[in-house]
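**Q** Take a look at this one; I'll ask things after.
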Amino acid sequence: MNNVQQIKRYHLAKVYRRDQPAIARGRYREFHQCDFDIAGVYDPMIPDAEILRIIVEVFEALDLGITIKLNHRKILDGMFAVAGVPAEKTRTISSAVDKLDKMAWPEVKKEMVEEKGLAEEVADRIGEYVLNKGTVSQMVEYIRGNEQLIANETVKAGVDDMALLGTYLDAMEVSDKITFDLSLARGLDYYTGLIYEVINLPPKEDGTAGKKKLKKDDPANQVGSIAAGGRYDNLVGMYGKKTIPCVGISFGVDRIFTILKARRERENAAKTRTTDVYVMAFGGREFNGLLPERMSVASKLWKAGIRAEYSPKVKPKLPQQFKAAEDRDVPLGIILGQDELAAGQVRLKQLGQGGQGEASGDEDNRGKLVSLDDLAEEVKKLLL
């Protein structure tokens, strides 16, 4: 029909999930997916490395931090054989191992032994292997240094692929995005070689004001992997007259949009913030609220061009003051105490970082002692 021997193609459309959806984790029945595949006969690992390079470029363009978890189906299958997994249980045990990113090893082991009928000593041997991860070069060295594993021809073939891939990834300058993880299994049976998943990394805490720790119920933390794929050399041949080697990646468009939307909402919240500092006070039984002192500190900050607020109550309770700051999304708190004021100091604290140490007595969480004379400058440094 034609003489095309190699192709690179992409596709963006709705797709449909075969297994049970999980709406809370972003696993919808119908969702958008972008696929990119390289098909045809190439020298080993060249298109695989190019796919990984493309993944890195895509998420750099979106300004999303990622880690790409890699494994190799031959290494996984050979590893199970060395551990003593019966051939008929390979796929079901592989499915259990793939849950290690969500479950602790004792839970996964329990599933393998009690639900899937695997001998406990075999499960223990699997645990010795699948809990290892590192850079490509580190893991290649680890596997080649294990006499039992490297004696298996299937494992050896997979390790040779990974060693070659590591060379190409270094050349393409993407090795720092890669983790070779022996627990990665992927649930689909048609993978024949390299497999991978892309995990979104939460924004790094950079110490600047207003950078809150991400909450567990943040949608961006619930989406799981945001792209995944691998090599599937036999799948196309099932629907044609000849085998066509393929490797590809599927990007979860809906999941990526969820993360981008959450980021935009955080950025918009910072832009609409009207208060930079909340001036608070606390004390013991003789505490009188320190209202004049709070007014004085707020006035000094206003003169310095810093947007400051304080509770308009004479003797506000500390939790109420924290709640008022949280409701306004205020990044910094200045805490006045009688002893500190007597020494000409106050405490400067970044808010939204998981605690009210002042109320609990947690010294590490009470904020930094700052001289009143230097307060405005210290606040400005944190607001930059």
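FYI, nothing fancy with the structure tokens labels: chains A, B, ... in order, residues from 1 per chain, ligands from 1 as they appear.
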With a cut-off of 7 Å, could you pull out the residues of segment 224-342 of chain A touching segment 32-48 of chain A and give me the nearest pair of atoms for each, distance in Å to one decimal, using only C-alpha atoms, ordered by chain and ascending number, as CSV?
**A**
residue,atom,partner,partner_atom,distance
A:Ile244,CA,A:Gly40,CA,5.6
A:Pro245,CA,A:Gly40,CA,5.4
A:Cys246,CA,A:Ala39,CA,4.3
A:Val247,CA,A:Ile38,CA,5.5
A:Gly248,CA,A:Asp37,CA,4.0
A:Ile249,CA,A:Phe36,CA,5.4
A:Ser250,CA,A:Asp35,CA,4.4
A:Phe251,CA,A:Cys34,CA,5.0
A:Gly252,CA,A:Gln33,CA,5.1
A:Val253,CA,A:Gln33,CA,5.3
A:Asp254,CA,A:His32,CA,6.0
**Q** Would you mind exporting the chosen residues as a JSON list (two decimals), in the first residue's frame, restricted to all heavy atoms?
**A**
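Result went into selection.json, see below:
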[["chain", "number", "residue", "atom", "x", "y", "z"],
["A", 244, "ILE", "N", 4.68, -4.64, 14.47],
["A", 244, "ILE", "CA", 5.24, -3.29, 14.35],
["A", 244, "ILE", "C", 5.61, -2.81, 15.75],
["A", 244, "ILE", "O", 4.73, -2.55, 16.56],
["A", 244, "ILE", "CB", 4.24, -2.32, 13.71],
["A", 244, "ILE", "CG1", 3.84, -2.81, 12.30],
["A", 244, "ILE", "CG2", 4.83, -0.92, 13.64],
["A", 244, "ILE", "CD1", 2.78, -1.96, 11.64],
["A", 245, "PRO", "N", 6.89, -2.71, 16.06],
["A", 245, "PRO", "CA", 7.30, -2.22, 17.39],
["A", 245, "PRO", "C", 6.82, -0.79, 17.61],
["A", 245, "PRO", "O", 6.88, 0.05, 16.71],
["A", 245, "PRO", "CB", 8.83, -2.28, 17.33],
["A", 245, "PRO", "CG", 9.15, -3.21, 16.21],
["A", 245, "PRO", "CD", 8.05, -3.04, 15.21],
["A", 246, "CYS", "N", 6.34, -0.50, 18.83],
["A", 246, "CYS", "CA", 5.83, 0.83, 19.15],
["A", 246, "CYS", "C", 6.21, 1.21, 20.58],
["A", 246, "CYS", "O", 6.35, 0.34, 21.45],
["A", 246, "CYS", "CB", 4.31, 0.89, 19.04],
["A", 246, "CYS", "SG", 3.63, 0.49, 17.42],
["A", 247, "VAL", "N", 6.36, 2.50, 20.80],
["A", 247, "VAL", "CA", 6.52, 3.03, 22.15],
["A", 247, "VAL", "C", 5.77, 4.35, 22.20],
["A", 247, "VAL", "O", 5.72, 5.08, 21.20],
["A", 247, "VAL", "CB", 8.01, 3.22, 22.50],
["A", 247, "VAL", "CG1", 8.69, 4.22, 21.58],
["A", 247, "VAL", "CG2", 8.19, 3.60, 23.96],
["A", 248, "GLY", "N", 5.12, 4.62, 23.33],
["A", 248, "GLY", "CA", 4.31, 5.84, 23.37],
["A", 248, "GLY", "C", 4.05, 6.34, 24.77],
["A", 248, "GLY", "O", 4.44, 5.73, 25.77],
["A", 249, "ILE", "N", 3.36, 7.47, 24.83],
["A", 249, "ILE", "CA", 3.02, 8.13, 26.09],
["A", 249, "ILE", "C", 1.60, 8.68, 25.97],
["A", 249, "ILE", "O", 1.21, 9.18, 24.91],
["A", 249, "ILE", "CB", 4.02, 9.27, 26.41],
["A", 249, "ILE", "CG1", 3.63, 10.00, 27.71],
["A", 249, "ILE", "CG2", 4.12, 10.25, 25.26],
["A", 249, "ILE", "CD1", 3.86, 9.25, 28.95],
["A", 250, "SER", "N", 0.83, 8.57, 27.02],
["A", 250, "SER", "CA", -0.49, 9.17, 27.09],
["A", 250, "SER", "C", -0.49, 10.23, 28.19],
["A", 250, "SER", "O", -0.17, 9.92, 29.35],
["A", 250, "SER", "CB", -1.56, 8.11, 27.40],
["A", 250, "SER", "OG", -1.66, 7.19, 26.34],
["A", 251, "PHE", "N", -0.86, 11.45, 27.83],
["A", 251, "PHE", "CA", -0.95, 12.54, 28.80],
["A", 251, "PHE", "C", -2.40, 12.66, 29.27],
["A", 251, "PHE", "O", -3.32, 12.75, 28.44],
["A", 251, "PHE", "CB", -0.53, 13.87, 28.16],
["A", 251, "PHE", "CG", 0.90, 13.93, 27.74],
["A", 251, "PHE", "CD1", 1.28, 13.60, 26.44],
["A", 251, "PHE", "CD2", 1.89, 14.30, 28.65],
["A", 251, "PHE", "CE1", 2.61, 13.66, 26.05],
["A", 251, "PHE", "CE2", 3.21, 14.37, 28.26],
["A", 251, "PHE", "CZ", 3.58, 14.04, 26.97],
["A", 252, "GLY", "N", -2.61, 12.65, 30.58],
["A", 252, "GLY", "CA", -3.95, 12.83, 31.14],
["A", 252, "GLY", "C", -4.33, 14.29, 31.13],
["A", 252, "GLY", "O", -4.02, 15.02, 32.08],
["A", 253, "VAL", "N", -4.98, 14.73, 30.08],
["A", 253, "VAL", "CA", -5.27, 16.16, 29.90],
["A", 253, "VAL", "C", -6.11, 16.71, 31.05],
["A", 253, "VAL", "O", -5.84, 17.79, 31.58],
["A", 253, "VAL", "CB", -5.97, 16.39, 28.55],
["A", 253, "VAL", "CG1", -6.39, 17.86, 28.39],
["A", 253, "VAL", "CG2", -5.06, 15.98, 27.39],
["A", 254, "ASP", "N", -7.15, 15.98, 31.45],
["A", 254, "ASP", "CA", -8.02, 16.46, 32.54],
["A", 254, "ASP", "C", -7.25, 16.60, 33.84],
["A", 254, "ASP", "O", -7.44, 17.56, 34.59],
["A", 254, "ASP", "CB", -9.19, 15.51, 32.72],
["A", 254, "ASP", "CG", -10.13, 15.50, 31.53],
["A", 254, "ASP", "OD1", -10.34, 16.58, 30.96],
["A", 254, "ASP", "OD2", -10.64, 14.42, 31.16]]
**Q** Name the residues in contact with Met162 of chain A at a cut-off of 12 Å, using only C-alpha atoms, excluding same-chain residues fewer than 3 positions from it; report them as a PyMOL selection string.
**A** chain A and resi 44-46+48-49+70-75+135-141+143-144+155-159+165-169+178-181+193-195
**Q** Among segment 92-192 of chain A, which ones does DSSP place in strand (DSSP E), written as a list in words?
**A**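 Across segment 92-192 of chain A, those assigned strand (DSSP E) are Lys133, Gly134, Ile178, Thr179, Phe180 and Asp181 of chain A.
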**Q** Put those residues in a file: C-alpha atoms, as a short mmCIF file (atom, residue, chain, number, x, y, z; two decimals), in the first residue's frame.
**A**
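Wrote it out as result-v6.cif, contents follow:
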data_model
loop_
_atom_site.label_atom_id
_atom_site.label_comp_id
_atom_site.auth_asym_id
_atom_site.auth_seq_id
_atom_site.Cartn_x
_atom_site.Cartn_y
_atom_site.Cartn_z
CA LYS A 133 14.82 2.72 43.46
CA GLY A 134 17.40 5.30 42.36
CA ILE A 178 14.23 10.13 36.08
CA THR A 179 13.77 7.59 38.88
CA PHE A 180 14.33 3.90 38.12
CA ASP A 181 11.76 2.29 40.45
#
**Q** Using only C-alpha atoms, pick whichever of A:Leu348, A:Val379, A:Ala83, A:Arg53 has the shortest atom-to-atom distance to Gly367 of chain A.
**A**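 Once distances to Gly367 of chain A are computed over only C-alpha atoms, the minimum belongs to A:Leu348.
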**Q** Among the residues of segment 143-330 of chain A, find those DSSP assigns to helix (DSSP H, G or I) from the backbone and print them as a PyMOL selection string.
**A** chain A and resi 143-144+147-150+153-171+175-177+219-221+236-239+253-271+291-303+318-327
**Q** What separation in Å, quoted to one decimal, exists between atom CA of Phe322 of chain A and atom CA of Ile259 of chain A?
**A**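 Straight-line distance from atom CA of Phe322 of chain A to atom CA of Ile259 of chain A works out to 28.2 Å.
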**Q** When you count only C-alpha atoms, which of these residues is closest to Ile68 of chain A: A:Pro316, A:Pro202, A:Pro292, A:Gly229?
**A**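 Once distances to Ile68 of chain A are computed over only C-alpha atoms, the minimum belongs to A:Gly229.
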**Q** Please provide the set of residues having any atom within 12 Å of Ser296 of chain A, restricted to only C-alpha atoms, with same-chain residues fewer than 2 positions apart removed, written as a list of chain:residue names.
**A**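 The filter keeps A:Val279, A:Met280, A:Leu290, A:Leu291, A:Pro292, A:Glu293, A:Arg294, A:Ala298, A:Ser299, A:Lys300, A:Leu301, A:Trp302, A:Lys303, A:Ala308, A:Glu309, A:Tyr310, A:Leu336, A:Leu341, A:Leu372.
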